[in-house]
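protein_22.cif (mmCIF, C-alpha atoms and all ligand atoms) appears below.
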```cif
data_structure
loop_
_atom_site.label_atom_id
_atom_site.label_comp_id
_atom_site.auth_asym_id
_atom_site.auth_seq_id
_atom_site.Cartn_x
_atom_site.Cartn_y
_atom_site.Cartn_z
CA MET N 99 78.70 96.53 104.75
CA SER N 100 77.38 98.98 107.29
CA ASP N 101 76.21 102.49 106.52
CA SER N 102 78.73 105.31 106.35
CA THR N 103 78.32 106.39 109.97
CA SER N 104 78.96 102.98 111.52
CA THR N 105 81.93 102.26 113.67
CA ALA N 106 84.34 99.47 112.85
CA ARG N 107 83.42 95.86 113.50
CA SER N 108 85.27 92.88 112.20
CA ARG N 109 84.45 90.98 109.05
CA VAL N 110 85.97 87.80 107.67
CA PHE N 111 88.60 88.47 104.99
CA ASP N 112 86.91 86.71 102.08
CA VAL N 113 88.29 87.91 98.74
CA ASP N 114 85.27 86.71 96.74
CA ALA N 115 82.94 88.63 99.04
CA ILE N 116 85.22 91.67 98.87
CA ARG N 117 85.28 91.54 95.06
CA ALA N 118 81.47 91.49 94.99
CA ASP N 119 81.53 94.90 96.73
CA PHE N 120 83.40 96.54 93.81
CA PRO N 121 81.10 97.23 90.84
CA ILE N 122 83.97 98.05 88.47
CA LEU N 123 85.44 94.55 88.86
CA LYS N 124 82.43 93.20 86.96
CA ARG N 125 83.24 95.12 83.80
CA LYS N 126 85.10 93.87 80.76
CA VAL N 127 88.09 95.67 79.28
CA ASN N 128 88.83 94.93 75.64
CA GLY N 129 86.46 91.99 75.89
CA GLN N 130 88.32 90.44 78.84
CA ASP N 131 87.67 90.30 82.58
CA LEU N 132 89.32 93.31 84.19
CA VAL N 133 92.48 92.48 86.13
CA TYR N 134 93.24 95.70 87.98
CA LEU N 135 96.87 95.85 89.09
CA ASP N 136 97.37 99.63 89.22
CA ASN N 137 96.41 100.15 92.84
CA ALA N 138 99.51 102.14 93.79
CA ALA N 139 98.26 104.82 91.38
CA SER N 140 94.66 104.72 92.59
CA SER N 141 92.45 102.02 94.10
CA GLN N 142 88.95 101.00 93.07
CA LYS N 143 85.95 101.95 95.22
CA PRO N 144 83.42 99.65 96.92
CA SER N 145 79.65 100.33 96.61
CA HIS N 146 79.70 101.30 100.26
CA VAL N 147 81.92 104.31 99.48
CA ILE N 148 80.11 105.20 96.24
CA GLN N 149 76.77 105.01 98.06
CA SER N 150 77.99 107.29 100.83
CA LEU N 151 78.54 109.99 98.17
CA VAL N 152 75.07 109.44 96.72
CA ASP N 153 73.51 109.45 100.20
CA TYR N 154 75.25 112.67 101.07
CA TYR N 155 74.09 114.49 97.96
CA GLU N 156 70.57 113.04 98.10
CA GLN N 157 69.95 113.42 101.83
CA THR N 158 72.32 115.80 103.58
CA ASN N 159 73.89 118.20 101.07
CA SER N 160 74.56 121.54 102.74
CA ASN N 161 77.46 123.72 103.85
CA VAL N 162 79.25 122.92 107.11
CA HIS N 163 80.05 124.92 110.25
CA ARG N 164 77.75 127.75 109.18
CA GLY N 165 74.11 126.86 109.45
CA VAL N 166 71.63 126.44 112.25
CA HIS N 167 69.36 124.36 110.04
CA THR N 168 69.09 120.59 110.15
CA LEU N 169 70.91 119.79 106.92
CA SER N 170 73.91 121.94 107.84
CA ILE N 171 74.06 120.40 111.30
CA GLU N 172 73.88 116.88 109.84
CA ALA N 173 76.51 117.67 107.20
CA THR N 174 78.80 119.14 109.87
CA ASP N 175 78.36 116.11 112.12
CA ALA N 176 79.11 113.68 109.28
CA TYR N 177 82.13 115.72 108.14
CA GLU N 178 83.58 115.88 111.65
CA MET N 179 82.76 112.21 112.28
CA ALA N 180 84.87 111.32 109.23
CA ARG N 181 87.76 113.29 110.71
CA THR N 182 87.42 111.33 113.97
CA LYS N 183 87.41 108.04 112.03
CA VAL N 184 90.64 109.00 110.28
CA ALA N 185 92.22 110.04 113.59
CA THR N 186 91.31 106.67 115.14
CA PHE N 187 92.55 104.81 112.04
CA ILE N 188 96.09 106.24 112.40
CA ASN N 189 95.96 106.42 116.22
CA ALA N 190 96.24 110.20 116.30
CA PRO N 191 96.03 111.53 119.86
CA ARG N 192 93.52 114.26 118.84
CA SER N 193 91.12 114.54 115.90
CA GLU N 194 91.97 118.29 115.58
CA GLU N 195 95.36 117.13 114.34
CA VAL N 196 93.75 115.74 111.16
CA ILE N 197 93.67 118.37 108.40
CA TRP N 198 91.76 117.66 105.20
CA THR N 199 93.75 118.54 102.09
CA ARG N 200 93.32 117.64 98.41
CA ASN N 201 95.89 114.83 98.43
CA THR N 202 99.34 113.79 99.65
CA SER N 203 100.95 116.33 97.33
CA GLU N 204 99.02 119.19 98.86
CA SER N 205 99.78 117.94 102.39
CA LEU N 206 103.51 117.96 101.61
CA ASN N 207 103.30 121.39 100.01
CA LEU N 208 101.40 122.68 103.03
CA VAL N 209 104.23 121.66 105.39
CA ALA N 210 106.84 123.12 103.02
CA ALA N 211 104.98 126.43 102.68
CA THR N 212 104.18 126.87 106.38
CA TRP N 213 106.28 124.89 108.87
CA ALA N 214 109.43 124.81 106.71
CA GLU N 215 109.00 128.40 105.57
CA ALA N 216 109.03 129.43 109.24
CA ASN N 217 111.71 127.02 110.49
CA VAL N 218 114.31 126.46 107.76
CA ALA N 219 117.02 129.08 107.34
CA GLU N 220 120.13 129.57 105.20
CA GLY N 221 122.73 126.89 105.91
CA ASP N 222 120.17 124.42 107.33
CA ASN N 223 119.51 121.13 105.59
CA ILE N 224 116.50 118.99 104.76
CA VAL N 225 117.03 115.25 104.43
CA ILE N 226 114.93 113.02 102.19
CA THR N 227 115.54 109.56 100.74
CA ALA N 228 116.67 108.82 97.20
CA MET N 229 113.46 106.86 96.58
CA GLU N 230 110.91 109.67 96.97
CA HIS N 231 107.94 110.45 94.77
CA HIS N 232 108.28 113.83 93.01
CA SER N 233 105.75 115.20 95.51
CA ASN N 234 108.28 114.65 98.28
CA ILE N 235 111.25 116.00 96.30
CA VAL N 236 110.19 119.12 94.42
CA PRO N 237 108.67 121.11 97.34
CA TRP N 238 111.97 120.65 99.25
CA GLN N 239 114.11 121.52 96.24
CA GLN N 240 112.14 124.74 95.82
CA LEU N 241 112.33 125.53 99.52
CA ALA N 242 116.07 124.87 99.58
CA PHE N 243 116.61 127.19 96.57
CA LYS N 244 114.56 129.90 98.21
CA LYS N 245 116.16 129.67 101.65
CA GLY N 246 119.73 128.87 100.69
CA ALA N 247 119.33 125.54 102.47
CA GLU N 248 120.78 122.20 101.42
CA LEU N 249 118.74 119.20 100.25
CA ARG N 250 120.41 115.94 101.23
CA TYR N 251 119.56 112.39 100.26
CA LEU N 252 119.69 109.14 102.23
CA SER N 253 121.04 106.41 100.00
CA HIS N 254 119.92 102.79 99.65
CA ASN N 255 121.64 99.59 98.59
CA ASP N 256 121.07 97.76 95.28
CA ASP N 257 118.07 96.04 96.82
CA GLY N 258 116.47 99.38 97.64
CA VAL N 259 117.05 99.11 101.40
CA ILE N 260 117.94 102.39 103.18
CA ASP N 261 121.50 102.65 104.47
CA LEU N 262 120.69 103.41 108.10
CA ALA N 263 124.33 103.29 109.19
CA GLY N 264 125.17 105.95 106.61
CA ALA N 265 122.18 108.09 107.68
CA GLY N 266 124.11 109.09 110.78
CA SER N 267 126.48 111.20 108.70
CA VAL N 268 123.72 112.75 106.57
CA ILE N 269 121.42 113.84 109.42
CA ASP N 270 123.32 116.39 111.50
CA SER N 271 122.92 119.37 113.79
CA ARG N 272 121.83 121.62 110.86
CA THR N 273 119.07 119.18 109.82
CA LYS N 274 115.65 120.73 110.35
CA LEU N 275 113.48 118.13 108.66
CA VAL N 276 113.70 114.48 107.63
CA SER N 277 111.00 113.56 105.11
CA ALA N 278 110.71 109.95 104.01
CA THR N 279 108.31 107.69 102.25
CA HIS N 280 106.98 104.92 104.48
CA MET N 281 106.68 102.59 101.51
CA SER N 282 108.27 103.27 98.14
CA ASN N 283 105.79 103.48 95.25
CA VAL N 284 108.48 102.05 92.94
CA LEU N 285 110.56 99.61 94.99
CA GLY N 286 107.94 98.52 97.49
CA THR N 287 110.56 99.02 100.23
CA ILE N 288 109.17 99.62 103.70
CA ASN N 289 111.39 102.20 105.33
CA PRO N 290 112.49 102.19 109.00
CA ILE N 291 110.51 105.27 109.98
CA ALA N 292 110.74 104.83 113.76
CA GLU N 293 114.55 104.60 113.49
CA LEU N 294 114.71 107.67 111.24
CA ALA N 295 112.40 109.50 113.66
CA ALA N 296 114.78 108.72 116.51
CA MET N 297 117.75 110.01 114.48
CA ALA N 298 115.85 113.18 113.51
CA HIS N 299 114.73 113.86 117.08
CA GLU N 300 118.24 113.29 118.38
CA VAL N 301 119.40 116.39 116.47
CA GLY N 302 116.23 118.40 117.16
CA ALA N 303 114.75 117.91 113.67
CA VAL N 304 111.19 116.87 112.87
CA ILE N 305 110.14 113.90 110.73
CA LEU N 306 107.49 113.94 108.03
CA VAL N 307 106.19 110.60 106.74
CA ASP N 308 104.84 110.24 103.22
CA ALA N 309 102.39 107.45 103.98
CA ALA N 310 100.59 107.53 100.60
CA GLN N 311 101.54 103.88 100.02
CA SER N 312 101.42 102.60 103.59
CA VAL N 313 98.20 103.85 105.21
CA PRO N 314 96.05 102.06 102.58
CA HIS N 315 97.84 98.74 103.07
CA MET N 316 99.15 98.21 106.59
CA PRO N 317 98.37 99.27 110.15
CA VAL N 318 99.91 102.71 110.65
CA ASP N 319 100.18 104.24 114.10
CA VAL N 320 101.55 107.79 114.17
CA GLN N 321 102.44 107.48 117.85
CA ALA N 322 104.30 104.18 117.47
CA LEU N 323 106.25 105.67 114.54
CA ASP N 324 106.97 108.78 116.65
CA ALA N 325 106.14 110.85 113.56
CA ASP N 326 105.68 114.62 113.60
CA PHE N 327 103.76 114.91 110.32
CA LEU N 328 102.21 112.17 108.17
CA CYS N 329 100.22 112.42 104.98
CA PHE N 330 98.19 110.25 102.62
CA SER N 331 95.51 110.34 99.89
CA ALA N 332 92.01 108.85 100.14
CA HIS N 333 91.91 107.75 96.50
CA LYS N 334 94.58 105.10 97.12
CA MET N 335 92.60 103.60 100.01
CA LEU N 336 89.13 102.97 98.51
CA GLY N 337 88.08 106.61 98.94
CA PRO N 338 87.31 109.34 96.41
CA THR N 339 89.75 111.51 94.51
CA GLY N 340 90.29 115.11 95.53
CA ILE N 341 90.77 114.53 99.25
CA GLY N 342 93.77 113.73 101.40
CA VAL N 343 95.04 114.09 104.92
CA LEU N 344 97.80 115.90 106.71
CA TRP N 345 98.23 114.75 110.27
CA GLY N 346 100.61 116.71 112.50
CA ARG N 347 101.46 117.00 116.17
CA TYR N 348 99.14 119.53 117.78
CA GLU N 349 101.92 121.81 119.08
CA LEU N 350 103.57 121.95 115.65
CA LEU N 351 100.34 122.65 113.76
CA ASP N 352 99.27 125.18 116.33
CA ALA N 353 102.51 127.14 115.95
CA MET N 354 102.45 127.08 112.13
CA PRO N 355 101.21 130.01 110.04
CA PRO N 356 98.13 129.33 107.86
CA TYR N 357 98.48 127.94 104.32
CA MET N 358 95.51 129.65 102.68
CA PHE N 359 93.37 132.55 103.81
CA GLY N 360 89.61 133.00 103.63
CA GLY N 361 86.37 131.87 105.21
CA ASP N 362 86.31 129.38 108.09
CA MET N 363 90.03 129.72 108.89
CA ILE N 364 89.61 133.02 110.74
CA LEU N 365 88.43 133.85 114.24
CA GLU N 366 87.91 137.55 113.73
CA VAL N 367 88.38 139.92 110.82
CA THR N 368 88.50 143.71 110.93
CA TYR N 369 89.16 146.09 108.02
CA GLU N 370 92.74 146.22 109.26
CA ASP N 371 93.67 142.66 110.20
CA ALA N 372 92.54 139.12 111.07
CA ASN N 373 93.41 136.34 113.44
CA TRP N 374 93.19 132.61 113.03
CA ASN N 375 90.73 129.93 113.98
CA ASP N 376 91.65 126.93 116.13
CA LEU N 377 92.90 123.67 114.69
CA PRO N 378 92.02 122.07 112.38
CA TYR N 379 90.06 124.94 110.79
CA LYS N 380 93.08 127.25 110.58
CA PHE N 381 94.22 125.04 107.66
CA GLU N 382 90.83 124.58 105.98
CA ALA N 383 90.02 127.87 104.26
CA GLY N 384 86.75 128.03 102.35
CA THR N 385 84.04 125.43 101.86
CA PRO N 386 85.77 122.10 102.28
CA ASN N 387 85.37 118.92 100.27
CA ILE N 388 82.49 117.76 102.48
CA ALA N 389 81.17 114.85 100.43
CA ASP N 390 84.58 113.33 99.82
CA ALA N 391 85.59 113.68 103.47
CA ILE N 392 82.46 111.75 104.45
CA ALA N 393 83.22 109.12 101.80
CA THR N 394 86.77 108.86 103.17
CA GLY N 395 85.18 108.01 106.50
CA ALA N 396 83.21 105.28 104.71
CA ALA N 397 86.45 103.94 103.19
CA VAL N 398 88.05 103.89 106.63
CA ASP N 399 85.02 101.98 107.95
CA TYR N 400 85.39 99.42 105.17
CA LEU N 401 89.11 98.88 105.82
CA SER N 402 88.62 98.83 109.60
CA GLU N 403 85.97 96.15 109.30
CA LEU N 404 88.39 94.03 107.30
CA GLY N 405 91.17 94.79 109.80
CA MET N 406 94.43 96.31 108.59
CA ASP N 407 96.39 93.31 109.88
CA ASN N 408 94.34 91.11 107.56
CA VAL N 409 94.73 93.53 104.64
CA TRP N 410 98.51 93.49 105.11
CA LYS N 411 98.63 89.70 105.49
CA HIS N 412 96.64 89.22 102.28
CA GLU N 413 98.93 91.56 100.34
CA GLN N 414 102.09 90.01 101.74
CA GLU N 415 100.95 86.56 100.61
CA LEU N 416 100.06 87.88 97.19
CA THR N 417 103.36 89.75 96.90
CA ALA N 418 105.42 86.68 97.86
CA TYR N 419 103.50 84.60 95.29
CA ALA N 420 103.87 87.26 92.59
CA MET N 421 107.61 87.71 93.23
CA GLU N 422 108.13 83.97 92.92
CA GLN N 423 106.10 83.73 89.71
CA ILE N 424 107.61 86.79 88.06
CA LEU N 425 111.21 85.93 88.98
CA SER N 426 110.76 82.36 87.77
CA MET N 427 110.23 83.74 84.26
CA GLY N 428 114.00 84.27 84.18
CA ASN N 429 113.98 87.27 81.87
CA VAL N 430 112.40 89.82 84.18
CA LYS N 431 114.27 91.90 86.74
CA VAL N 432 112.33 93.06 89.80
CA LEU N 433 113.42 96.38 91.34
CA GLY N 434 113.63 96.72 95.10
CA PRO N 435 113.99 94.16 97.88
CA GLN N 436 114.16 90.60 96.57
CA ASP N 437 112.98 89.37 99.95
CA PRO N 438 109.16 89.76 99.96
CA ALA N 439 109.20 90.23 103.76
CA LEU N 440 110.95 93.60 103.28
CA ARG N 441 108.42 95.03 100.88
CA GLY N 442 104.80 95.80 100.20
CA GLY N 443 102.58 94.89 97.27
CA VAL N 444 104.21 97.11 94.64
CA ILE N 445 106.32 95.21 92.11
CA SER N 446 108.19 97.24 89.50
CA PHE N 447 109.91 95.16 86.88
CA ILE N 448 111.92 95.38 83.68
CA HIS N 449 111.69 92.80 80.94
CA ASP N 450 114.95 91.92 79.17
CA THR N 451 113.58 92.66 75.70
CA ILE N 452 110.12 94.25 75.87
CA HIS N 453 109.79 97.97 76.60
CA PRO N 454 107.45 98.65 79.56
CA HIS N 455 105.08 100.73 77.41
CA ASP N 456 104.75 97.93 74.85
CA LEU N 457 104.15 95.48 77.67
CA GLY N 458 101.53 97.71 79.30
CA THR N 459 99.71 98.19 76.00
CA ALA N 460 99.77 94.47 75.19
CA LEU N 461 98.52 93.58 78.69
CA ASP N 462 95.71 96.11 78.36
CA GLN N 463 94.51 94.20 75.30
CA GLN N 464 94.15 91.24 77.69
CA GLY N 465 92.19 93.31 80.23
CA ILE N 466 95.17 93.66 82.57
CA ALA N 467 95.85 97.16 83.95
CA ILE N 468 99.40 97.85 85.08
CA ARG N 469 101.40 101.07 85.30
CA THR N 470 104.33 101.89 83.07
CA GLY N 471 106.74 104.82 83.10
CA HIS N 472 108.79 106.64 85.71
CA HIS N 473 106.10 106.40 88.42
CA CYS N 474 106.68 110.03 89.38
CA ALA N 475 110.12 109.08 90.66
CA MET N 476 112.37 110.00 87.72
CA PRO N 477 115.65 110.25 89.65
CA LEU N 478 115.10 106.83 91.24
CA VAL N 479 114.05 105.03 88.04
CA ARG N 480 116.96 106.60 86.13
CA SER N 481 119.35 105.33 88.82
CA PHE N 482 118.61 101.84 87.44
CA ASP N 483 119.80 103.02 84.00
CA VAL N 484 116.31 102.87 82.55
CA VAL N 485 113.75 105.56 81.86
CA ALA N 486 110.70 103.43 82.56
CA ALA N 487 109.58 100.30 84.38
CA ALA N 488 106.39 98.25 84.43
CA ARG N 489 104.61 98.11 87.78
CA ALA N 490 101.97 95.74 89.17
CA SER N 491 100.47 96.75 92.51
CA PHE N 492 97.94 94.88 94.60
CA TYR N 493 95.05 95.51 96.91
CA ILE N 494 92.42 93.70 98.93
CA TYR N 495 90.47 92.40 95.92
CA ASN N 496 93.40 90.93 93.98
CA THR N 497 93.91 87.18 93.76
CA LYS N 498 96.60 84.67 92.92
CA SER N 499 94.76 83.84 89.71
CA GLU N 500 95.16 87.49 88.69
CA VAL N 501 98.89 87.17 89.32
CA ASP N 502 98.81 84.10 87.06
CA ALA N 503 96.96 86.16 84.45
CA LEU N 504 99.73 88.76 84.62
CA VAL N 505 102.50 86.20 84.20
CA ASN N 506 100.65 84.48 81.35
CA GLY N 507 100.03 87.88 79.82
CA ILE N 508 103.75 88.68 79.88
CA SER N 509 104.51 85.29 78.26
CA GLU N 510 101.91 85.87 75.56
CA THR N 511 103.39 89.30 74.89
CA GLU N 512 106.83 87.71 74.51
CA GLY N 513 105.33 85.34 71.92
CA TYR N 514 103.84 88.28 70.04
CA PHE N 515 107.10 90.23 69.95
CA SER N 516 109.19 87.22 68.90
CA ARG N 517 106.97 86.57 65.88
C1 LIG X 1 104.75 107.59 97.76
C2 LIG X 1 103.83 108.60 97.14
N1 LIG X 1 103.87 109.86 97.56
C3 LIG X 1 103.07 110.79 97.06
C4 LIG X 1 102.16 110.50 96.08
C5 LIG X 1 101.30 111.57 95.54
O1 LIG X 1 99.95 111.29 95.82
P1 LIG X 1 98.81 112.21 95.21
O2 LIG X 1 98.98 112.16 93.72
O3 LIG X 1 97.54 111.59 95.66
O4 LIG X 1 99.03 113.58 95.75
C6 LIG X 1 102.09 109.21 95.58
C7 LIG X 1 101.19 108.86 94.46
O5 LIG X 1 101.41 107.94 93.73
C8 LIG X 1 102.95 108.22 96.14
O6 LIG X 1 102.92 106.97 95.71
#
```

Turn this file's structure into structure tokens for me.
Ligand SMILES: Cc1ncc(COP(=O)(O)O)c(C=O)c1O
Amino acid sequence: MSDSTSTARSRVFDVDAIRADFPILKRKVNGQDLVYLDNAASSQKPSHVIQSLVDYYEQTNSNVHRGVHTLSIEATDAYEMARTKVATFINAPRSEEVIWTRNTSESLNLVAATWAEANVAEGDNIVITAMEHHSNIVPWQQLAFKKGAELRYLSHNDDGVIDLAGAGSVIDSRTKLVSATHMSNVLGTINPIAELAAMAHEVGAVILVDAAQSVPHMPVDVQALDADFLCFSAHKMLGPTGIGVLWGRYELLDAMPPYMFGGDMILEVTYEDANWNDLPYKFEAGTPNIADAIATGAAVDYLSELGMDNVWKHEQELTAYAMEQILSMGNVKVLGPQDPALRGGVISFIHDTIHPHDLGTALDQQGIAIRTGHHCAMPLVRSFDVVAAARASFYIYNTKSEVDALVNGISETEGYFSR
């Protein structure tokens, strides 16, 4: 791959070549080849991204926006270049609309604590879906308690598909915000964001998109979605932990009060008062996460070179194959859309007789990493009358033979528990 400052150029989507870029895929787990199927929780990192961190600390390490010396200027350029790469990746009209945060959770909390704090009043309502991650439920619950506002939920059918017709009676003239996941981290459902955006805008509300599970896996265009805010985490898209993005429309961000106060986010401070810096710095108090922002730019380069259309196509093929294989077992129920065309590469499933935690532990003995539990979506998982589900989730380096390993692993586990 290119160095971390390169711009995107295309590369053939060759899974073997991709796998060779990920050092961790060479390791053994419990004596077996690692089969990593926990990508919805966090993805693995290619050498290109890891090396960009090493390069930064070995060659450029310095503070940004403050120095006149060479290292500070280089660090600032690389940090701002990463912002521009992210803006291009999601087709943001302006790079100043990209705010670095710690993760999706912080991005959501930022909107709740600033925009919603200023714009939601008693008697207003906030609309979310019934398939949200806790990060897109709890901030709104807390805000609603505080403001005397109502939190409403959009429902979905048994297949986990949003009831758009019913949404018309949930979103009304007192709705201030619609906040929805673009792709469910449990059901894999891809939600109709552009349609929800149109419904929100019709009543003068804004729409926030939790794109934690979509930006890593499919082309996402904030303008085509007609979104107002959109957020995601770098660690789910080949980048480092500890850094995420909040994108927002310039006019909205510009009108919002700051989230945190301190260095870099001010224009002028007197003993009596202070005023705020321009976007994006108004929302980036203190020394930012420079190295991880630059490495996020490297992750964006890597994905852009592969092409997000190709990434999505690969995962759709893998998902269709995995659905077919898992469902053919006959004793496993898959949550969410049964039609692979309606979903992404997240497959949550419940075995008739084996508890998800037992399954996850037994698969780990075979080197297979899956997720088990409530997936930070307790209300949703409980709505299926279970407290936990197993979840396999795919990314660019996964293969059909790894899906076979999963299915064989489940069969072997059945054998073990029937002994
Ligand atoms: C849909 C969705 N939203 C939000 C989050 C929270 O992301 P983070 O833990 O990086 O803040 C996740 C993480 O799994 C997610 O899947």

Within-6 Å residues of ligand LIG 1 (chain X), basis only C-alpha atoms and all ligand atoms, as a ChimeraX atom specification: /N:139,201-203,231,233,279,282-283,308,310-311,331

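Residue nearest Ile188 of chain N, chosen from N:Ile171, N:Leu461, N:Val398, N:Ile466 and counting all atoms listed in the file: N:Val398.
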
One-decimal distance in Å that lies between atom CA of Ala309 of chain N and atom CA of Glu178 of chain N: 22.0 Å

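The coordinates place atom CA of Ala389 of chain N at 28.4 Å from atom CA of Pro237 of chain N.
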
Among listed residues N:Arg192, N:His146, N:Lys498, N:Lys380, nearest Phe120 of chain N (using all atoms listed in the file): N:His146

Atom-to-atom span, atom CA of Lys183 of chain N and atom CA of Asn207 of chain N, Å: 24.0 Å

Among the residues N:Asn217, N:Thr168, N:Gln321, N:Gln463, the one that comes closest to Val127 of chain N [using all atoms listed in the file]: N:Gln463

Selection: 8 Å around Asn159 of chain N, only C-alpha atoms, excl. self and same-chain fewer than 5 positions, as a PyMOL selection string: chain N and resi 154+169-170+173
